[in-house]
Amino acid sequence: MPVPIVTYHSVGESVSSLSTPTSVFEAHLAGFTASGYRTVTMAEVVRWVSRGQHPPTNALVITFDDGYESVYREAWPRLKACNFIASVFLVSDHCGTTSRWPSQPASVHASPLLGWPEAAALAGEGWEMGAHSRTHPPLTVLTPAAIEEEVAGSQRTIRERTGQSVEVFAYPYGAVNGRVKELVRRYFAGAVTTDLGLVARPCDPHLLPRIDAHYLRPEHIPNLRGAAYRRYLSARQAGRWLRRRFRQDWDKGFESVCDAV
């Protein structure tokens with residue numbers, strides 16, 4: 001049975017294009033609960049994929065990229081009320097500061113990020129801490145040495161500051177090629193992309209697709225694994241590929257990280 005991995009960034013009434021309104025987030029959680037989903041970690045999914053095992057039919061992964069402060073303030077209590085956990089991909093050198101890293105498009109509103117005490121508290125609640133590099137660059141434009149420092153350095157810091165093993169990675173901007181994937185594979189059991197889709201066998205544990213919350217309406221949730229919704233994601237993914245042939249997400253002047261719905 002395919003496993004949906006849903007991607008969020010921040011939660012709340014922010015002007016940022018990366019923020020999911022609180023009301024939408026709550027509607028998603030209500031839909032997941034009504035549909036009988038049970039949250040699992042990314043590491044569990046990676047193990048099932050790597051071993052060719054069948055995951056539970058109701059498995060769901062909720063992920064948060066970048067580690068925004070609103071994950072702790074807004075998302076955590078709402079997830080806890082549903083008995084859900086999540087996986088957070090941290091940009092290790094920016095924890096406790098803001099999301100204004102060098103490659104961030106000016107059109108994306110800078111927001112505060114989790115500090116290490118909050119990240120450690122979430123880890124203590126059973127949440128999974130993953131790595132999203134040290135400084136969030138597009139790894140495909142870096143030298144091998146720089147890629148390795150971004151990848152291994154983030155893992156090392158997150159492990160030291162949270163006391164948790166760090167088994168999974170999220171590629172910044174979804175930028176990945178063979179060289180990047182090979183370096184990530186040396187340090188992490190698995191990794192997620194920004195490609196739209198559900199995790200189904202067989203698949204590469206270091207190229208796992210996800211569902212961006214931007215493309216998830218509450219009415220989709222009862223049939224999240226159905227053929228119609230998967231066709232919808234495929235169409236959206238085709239649009240992303242076409243756009244990225246002409247402009248990458250980190251390009252100056254990029255207006256939005258999401259395509260129009």
# chains A, B, ... in the order shown; residues from 1 in each chain; ligands from 1
$ select_by_dssp --residues "stretch 47-222 of chain A" --states "alpha helix (DSSP H)" --output "MDAnalysis selection string"
chainID A and resid 47:51 69:70 76:81 116:124 144:162 178:187
$ write_last_selection --atoms "N, CA and C atoms" --output "compact mmCIF listing (two decimals), in the first residue's frame"
# COMPACT_ATOMS: atom_id res chain seq x y z
N ARG A 47 13.14 2.07 6.15
CA ARG A 47 13.44 0.66 6.44
C ARG A 47 12.51 -0.27 5.66
N TRP A 48 11.23 0.05 5.61
CA TRP A 48 10.29 -0.78 4.85
C TRP A 48 10.67 -0.82 3.37
N VAL A 49 11.00 0.35 2.82
CA VAL A 49 11.37 0.42 1.41
C VAL A 49 12.65 -0.36 1.15
N SER A 50 13.65 -0.16 2.00
CA SER A 50 14.96 -0.80 1.80
C SER A 50 14.88 -2.31 1.90
N ARG A 51 13.98 -2.82 2.73
CA ARG A 51 13.85 -4.26 2.94
C ARG A 51 12.77 -4.89 2.08
N GLU A 69 9.74 28.10 13.66
CA GLU A 69 9.33 28.19 15.06
C GLU A 69 7.86 27.84 15.24
N SER A 70 7.05 28.12 14.23
CA SER A 70 5.63 27.82 14.33
C SER A 70 5.34 26.32 14.42
N TRP A 76 2.79 21.57 16.88
CA TRP A 76 2.98 20.53 17.90
C TRP A 76 1.75 20.31 18.77
N PRO A 77 1.15 21.35 19.39
CA PRO A 77 -0.02 21.06 20.23
C PRO A 77 -1.19 20.46 19.47
N ARG A 78 -1.36 20.85 18.22
CA ARG A 78 -2.46 20.31 17.42
C ARG A 78 -2.19 18.86 17.03
N LEU A 79 -0.95 18.55 16.70
CA LEU A 79 -0.60 17.16 16.40
C LEU A 79 -0.71 16.28 17.64
N LYS A 80 -0.27 16.82 18.77
CA LYS A 80 -0.31 16.05 20.02
C LYS A 80 -1.75 15.71 20.38
N ALA A 81 -2.66 16.63 20.14
CA ALA A 81 -4.07 16.38 20.44
C ALA A 81 -4.64 15.24 19.60
N TRP A 116 17.48 25.37 19.42
CA TRP A 116 17.86 24.02 19.80
C TRP A 116 17.07 23.48 20.99
N PRO A 117 16.71 24.32 22.00
CA PRO A 117 15.88 23.77 23.09
C PRO A 117 14.54 23.24 22.59
N GLU A 118 13.91 23.95 21.64
CA GLU A 118 12.63 23.50 21.10
C GLU A 118 12.80 22.23 20.27
N ALA A 119 13.86 22.18 19.47
CA ALA A 119 14.12 20.97 18.68
C ALA A 119 14.35 19.77 19.58
N ALA A 120 15.11 19.97 20.66
CA ALA A 120 15.37 18.87 21.60
C ALA A 120 14.08 18.45 22.31
N ALA A 121 13.22 19.41 22.61
CA ALA A 121 11.95 19.08 23.27
C ALA A 121 11.07 18.24 22.35
N LEU A 122 11.01 18.59 21.07
CA LEU A 122 10.23 17.79 20.13
C LEU A 122 10.81 16.39 19.99
N ALA A 123 12.14 16.29 19.93
CA ALA A 123 12.78 14.97 19.86
C ALA A 123 12.41 14.14 21.09
N GLY A 124 12.33 14.79 22.24
CA GLY A 124 11.96 14.10 23.47
C GLY A 124 10.51 13.63 23.47
N PRO A 144 32.10 18.74 -4.63
CA PRO A 144 31.90 17.57 -3.77
C PRO A 144 32.26 17.83 -2.31
N ALA A 145 33.35 18.55 -2.06
CA ALA A 145 33.75 18.83 -0.69
C ALA A 145 32.72 19.69 0.03
N ALA A 146 32.18 20.68 -0.67
CA ALA A 146 31.18 21.55 -0.07
C ALA A 146 29.87 20.80 0.19
N ILE A 147 29.50 19.92 -0.74
CA ILE A 147 28.30 19.11 -0.54
C ILE A 147 28.46 18.26 0.72
N GLU A 148 29.59 17.61 0.85
CA GLU A 148 29.81 16.73 2.00
C GLU A 148 29.75 17.51 3.31
N GLU A 149 30.31 18.72 3.33
CA GLU A 149 30.27 19.51 4.55
C GLU A 149 28.84 19.93 4.90
N GLU A 150 28.06 20.28 3.89
CA GLU A 150 26.66 20.63 4.14
C GLU A 150 25.87 19.42 4.66
N VAL A 151 26.14 18.26 4.09
CA VAL A 151 25.39 17.05 4.44
C VAL A 151 25.86 16.48 5.77
N ALA A 152 27.15 16.17 5.87
CA ALA A 152 27.67 15.56 7.09
C ALA A 152 27.67 16.53 8.26
N GLY A 153 27.97 17.80 7.98
CA GLY A 153 28.01 18.80 9.05
C GLY A 153 26.65 18.99 9.70
N SER A 154 25.60 18.99 8.89
CA SER A 154 24.26 19.16 9.47
C SER A 154 23.89 17.95 10.33
N GLN A 155 24.21 16.77 9.86
CA GLN A 155 23.91 15.57 10.64
C GLN A 155 24.63 15.59 11.98
N ARG A 156 25.89 15.95 11.95
CA ARG A 156 26.69 15.97 13.17
C ARG A 156 26.14 16.96 14.19
N THR A 157 25.82 18.15 13.75
CA THR A 157 25.32 19.18 14.67
C THR A 157 23.97 18.81 15.26
N ILE A 158 23.07 18.33 14.44
CA ILE A 158 21.73 17.97 14.93
C ILE A 158 21.82 16.82 15.92
N ARG A 159 22.66 15.86 15.64
CA ARG A 159 22.85 14.75 16.58
C ARG A 159 23.39 15.24 17.91
N GLU A 160 24.36 16.15 17.87
CA GLU A 160 24.96 16.66 19.11
C GLU A 160 23.98 17.50 19.91
N ARG A 161 23.16 18.31 19.22
CA ARG A 161 22.29 19.25 19.93
C ARG A 161 20.97 18.65 20.37
N THR A 162 20.52 17.56 19.75
CA THR A 162 19.24 16.96 20.15
C THR A 162 19.39 15.62 20.84
N GLY A 178 23.10 12.66 -9.36
CA GLY A 178 23.78 11.44 -8.94
C GLY A 178 24.86 11.68 -7.91
N ARG A 179 25.64 12.73 -8.08
CA ARG A 179 26.72 13.02 -7.14
C ARG A 179 26.18 13.39 -5.77
N VAL A 180 25.15 14.23 -5.74
CA VAL A 180 24.55 14.62 -4.46
C VAL A 180 23.94 13.41 -3.77
N LYS A 181 23.19 12.60 -4.51
CA LYS A 181 22.56 11.43 -3.90
C LYS A 181 23.59 10.48 -3.31
N GLU A 182 24.71 10.27 -4.00
CA GLU A 182 25.74 9.36 -3.52
C GLU A 182 26.35 9.87 -2.21
N LEU A 183 26.59 11.17 -2.12
CA LEU A 183 27.15 11.71 -0.88
C LEU A 183 26.14 11.61 0.27
N VAL A 184 24.89 11.88 -0.02
CA VAL A 184 23.85 11.74 1.01
C VAL A 184 23.74 10.29 1.46
N ARG A 185 23.84 9.36 0.52
CA ARG A 185 23.72 7.94 0.85
C ARG A 185 24.81 7.47 1.81
N ARG A 186 25.97 8.10 1.77
CA ARG A 186 27.06 7.72 2.68
C ARG A 186 26.70 7.98 4.15
N TYR A 187 25.85 8.95 4.38
CA TYR A 187 25.58 9.38 5.75
C TYR A 187 24.17 9.09 6.24
$ select_by_dssp --residues "stretch 127-162 of chain A" --states "strand (DSSP E)" --output "compact mmCIF listing (two decimals) with N, CA and C atoms, in the first residue's frame"
# COMPACT_ATOMS: atom_id res chain seq x y z
N GLU A 128 10.82 13.04 15.05
CA GLU A 128 12.06 12.69 14.36
C GLU A 128 12.73 13.96 13.85
N MET A 129 14.03 14.10 14.15
CA MET A 129 14.80 15.21 13.62
C MET A 129 15.62 14.72 12.42
N GLY A 130 15.39 15.34 11.27
CA GLY A 130 16.17 15.04 10.08
C GLY A 130 17.01 16.23 9.70
N ALA A 131 17.89 16.06 8.73
CA ALA A 131 18.79 17.14 8.30
C ALA A 131 18.32 17.72 6.97
$ closest_atom_pairs --of "stretch 104-191 of chain A" --to "stretch 210-224 of chain A" --cutoff "12 Å" --atoms "only C-alpha atoms" --output "CSV"
residue,atom,partner,partner_atom,distance
A:Ala170,CA,A:Arg210,CA,10.7
A:Gly174,CA,A:Arg210,CA,10.7
A:Ala191,CA,A:Arg210,CA,10.8
$ write_last_selection --atoms "all heavy atoms" --output "compact mmCIF listing (two decimals), in the first residue's frame"
# COMPACT_ATOMS: atom_id res chain seq x y z
N ALA A 170 16.58 15.80 3.78
CA ALA A 170 15.72 16.42 2.75
C ALA A 170 16.59 17.34 1.90
O ALA A 170 17.29 18.22 2.44
CB ALA A 170 14.59 17.22 3.40
N GLY A 174 14.83 20.52 -3.28
CA GLY A 174 14.68 19.29 -4.04
C GLY A 174 15.77 19.09 -5.06
O GLY A 174 15.66 18.22 -5.93
N ALA A 191 16.36 9.58 2.06
CA ALA A 191 16.20 11.02 1.80
C ALA A 191 14.92 11.27 1.03
O ALA A 191 14.44 10.41 0.27
CB ALA A 191 17.40 11.56 1.04
$ residues_around --residues "A:Gly67" --least-positions-apart "5" --cutoff "7 Å" --atoms "only C-alpha atoms" --output "MDAnalysis selection string"
chainID A and resid 88:90 113:114
$ atom_distance --atom1 "atom CA of A:Ala75" --atom2 "atom CA of A:Leu60"
16.1 Å
$ closest_residue --among "A:Ser16, A:Thr7, A:Gln237, A:Ser35" --to "A:Thr63" --atoms "only C-alpha atoms"
A:Thr7
$ closest_residue --among "A:Ala110, A:Leu208, A:Leu18, A:Ala235" --to "A:Thr193" --atoms "only C-alpha atoms"
A:Leu208
$ closest_residue --among "A:Pro137, A:Gly115, A:Pro21, A:Gly126" --to "A:Pro102" --atoms "only C-alpha atoms"
A:Pro137
$ closest_residue --among "A:Val91, A:Tyr173, A:His206, A:Ser99" --to "A:Thr194" --atoms "only C-alpha atoms"
A:Tyr173
$ residues_around --residues "stretch 199-204 of chain A" --least-positions-apart "6" --cutoff "9 Å" --atoms "only C-alpha atoms" --output "mmCIF file with all heavy atoms, in the first residue's frame"
data_model
loop_
_atom_site.group_PDB
_atom_site.id
_atom_site.type_symbol
_atom_site.label_atom_id
_atom_site.label_comp_id
_atom_site.auth_asym_id
_atom_site.auth_seq_id
_atom_site.Cartn_x
_atom_site.Cartn_y
_atom_site.Cartn_z
ATOM 1 N N MET A 1 0.848 -1.194 0.000
ATOM 2 C CA MET A 1 0.000 0.000 0.000
ATOM 3 C C MET A 1 0.882 1.242 0.000
ATOM 4 O O MET A 1 1.790 1.362 0.833
ATOM 5 C CB MET A 1 -0.899 -0.008 1.247
ATOM 6 C CG MET A 1 -1.840 1.169 1.343
ATOM 7 S SD MET A 1 -3.138 1.176 0.082
ATOM 8 C CE MET A 1 -4.173 -0.172 0.653
ATOM 9 N N PRO A 2 0.668 2.194 -0.913
ATOM 10 C CA PRO A 2 1.498 3.410 -0.947
ATOM 11 C C PRO A 2 1.404 4.206 0.354
ATOM 12 O O PRO A 2 0.360 4.227 1.007
ATOM 13 C CB PRO A 2 0.898 4.196 -2.118
ATOM 14 C CG PRO A 2 0.181 3.198 -2.951
ATOM 15 C CD PRO A 2 -0.323 2.164 -1.992
ATOM 16 N N VAL A 3 2.510 4.845 0.717
ATOM 17 C CA VAL A 3 2.569 5.664 1.929
ATOM 18 C C VAL A 3 2.612 7.137 1.541
ATOM 19 O O VAL A 3 3.506 7.560 0.809
ATOM 20 C CB VAL A 3 3.806 5.318 2.777
ATOM 21 C CG1 VAL A 3 3.869 6.222 4.012
ATOM 22 C CG2 VAL A 3 3.793 3.855 3.191
ATOM 23 N N PRO A 4 1.675 7.944 2.028
ATOM 24 C CA PRO A 4 1.743 9.384 1.779
ATOM 25 C C PRO A 4 2.701 10.057 2.775
ATOM 26 O O PRO A 4 2.641 9.805 3.974
ATOM 27 C CB PRO A 4 0.304 9.857 1.996
ATOM 28 C CG PRO A 4 -0.326 8.823 2.855
ATOM 29 C CD PRO A 4 0.416 7.539 2.679
ATOM 30 N N ILE A 5 3.596 10.877 2.240
ATOM 31 C CA ILE A 5 4.469 11.721 3.048
ATOM 32 C C ILE A 5 4.077 13.157 2.741
ATOM 33 O O ILE A 5 4.259 13.619 1.607
ATOM 34 C CB ILE A 5 5.951 11.502 2.723
ATOM 35 C CG1 ILE A 5 6.345 10.035 2.904
ATOM 36 C CG2 ILE A 5 6.840 12.392 3.595
ATOM 37 C CD1 ILE A 5 7.763 9.724 2.442
ATOM 38 N N VAL A 45 9.698 4.330 7.305
ATOM 39 C CA VAL A 45 9.367 4.151 5.895
ATOM 40 C C VAL A 45 10.602 3.728 5.106
ATOM 41 O O VAL A 45 10.542 2.832 4.248
ATOM 42 C CB VAL A 45 8.772 5.449 5.306
ATOM 43 C CG1 VAL A 45 8.571 5.318 3.804
ATOM 44 C CG2 VAL A 45 7.452 5.781 5.988
ATOM 45 N N VAL A 49 11.000 0.349 2.825
ATOM 46 C CA VAL A 49 11.365 0.423 1.413
ATOM 47 C C VAL A 49 12.648 -0.358 1.148
ATOM 48 O O VAL A 49 12.748 -1.126 0.186
ATOM 49 C CB VAL A 49 11.523 1.898 0.977
ATOM 50 C CG1 VAL A 49 12.173 1.995 -0.398
ATOM 51 C CG2 VAL A 49 10.172 2.604 0.983
ATOM 52 N N SER A 50 13.654 -0.161 2.004
ATOM 53 C CA SER A 50 14.959 -0.802 1.800
ATOM 54 C C SER A 50 14.878 -2.315 1.896
ATOM 55 O O SER A 50 15.620 -3.029 1.209
ATOM 56 C CB SER A 50 15.971 -0.262 2.821
ATOM 57 O OG SER A 50 16.142 1.140 2.674
ATOM 58 N N GLY A 52 12.078 -4.092 1.290
ATOM 59 C CA GLY A 52 11.004 -4.622 0.464
ATOM 60 C C GLY A 52 9.806 -5.086 1.260
ATOM 61 O O GLY A 52 9.046 -5.947 0.809
ATOM 62 N N GLN A 53 9.603 -4.501 2.443
ATOM 63 C CA GLN A 53 8.502 -4.902 3.305
ATOM 64 C C GLN A 53 7.240 -4.097 3.006
ATOM 65 O O GLN A 53 7.301 -3.001 2.448
ATOM 66 C CB GLN A 53 8.899 -4.723 4.771
ATOM 67 C CG GLN A 53 10.058 -5.597 5.215
ATOM 68 C CD GLN A 53 10.509 -5.290 6.631
ATOM 69 O OE1 GLN A 53 10.326 -4.174 7.125
ATOM 70 N NE2 GLN A 53 11.093 -6.273 7.294
ATOM 71 N N HIS A 54 6.108 -4.639 3.428
ATOM 72 C CA HIS A 54 4.836 -3.948 3.268
ATOM 73 C C HIS A 54 4.598 -3.062 4.494
ATOM 74 O O HIS A 54 4.594 -3.551 5.621
ATOM 75 C CB HIS A 54 3.689 -4.947 3.139
ATOM 76 C CG HIS A 54 3.722 -5.730 1.864
ATOM 77 N ND1 HIS A 54 3.312 -5.204 0.661
ATOM 78 C CD2 HIS A 54 4.131 -7.002 1.603
ATOM 79 C CE1 HIS A 54 3.447 -6.110 -0.294
ATOM 80 N NE2 HIS A 54 3.954 -7.208 0.252
ATOM 81 N N GLY A 190 18.104 7.286 4.289
ATOM 82 C CA GLY A 190 17.150 7.652 3.253
ATOM 83 C C GLY A 190 17.030 9.151 3.120
ATOM 84 O O GLY A 190 17.530 9.909 3.958
ATOM 85 N N ARG A 210 7.045 13.134 -2.116
ATOM 86 C CA ARG A 210 6.154 13.608 -1.054
ATOM 87 C C ARG A 210 4.938 14.310 -1.666
ATOM 88 O O ARG A 210 4.859 14.517 -2.861
ATOM 89 C CB ARG A 210 6.895 14.572 -0.111
ATOM 90 C CG ARG A 210 7.984 13.914 0.685
ATOM 91 C CD ARG A 210 8.571 14.856 1.732
ATOM 92 N NE ARG A 210 9.486 15.843 1.160
ATOM 93 C CZ ARG A 210 10.078 16.814 1.857
ATOM 94 N NH1 ARG A 210 9.813 16.934 3.154
ATOM 95 N NH2 ARG A 210 10.912 17.664 1.277
#
$ atom_distance --atom1 "atom CA of A:Arg38" --atom2 "atom CA of A:Asn83"
8.6 Å
$ atom_distance --atom1 "atom CA of A:Glu13" --atom2 "atom CA of A:Val192"
26.6 Å
$ closest_residue --among "A:Asn58, A:Asn177, A:Thr33, A:Ser111" --to "A:His9" --atoms "only C-alpha atoms"
A:Ser111
$ closest_residue --among "A:Ser107, A:Thr57, A:Thr98, A:Thr20" --to "A:Glu74" --atoms "only C-alpha atoms"
A:Thr20
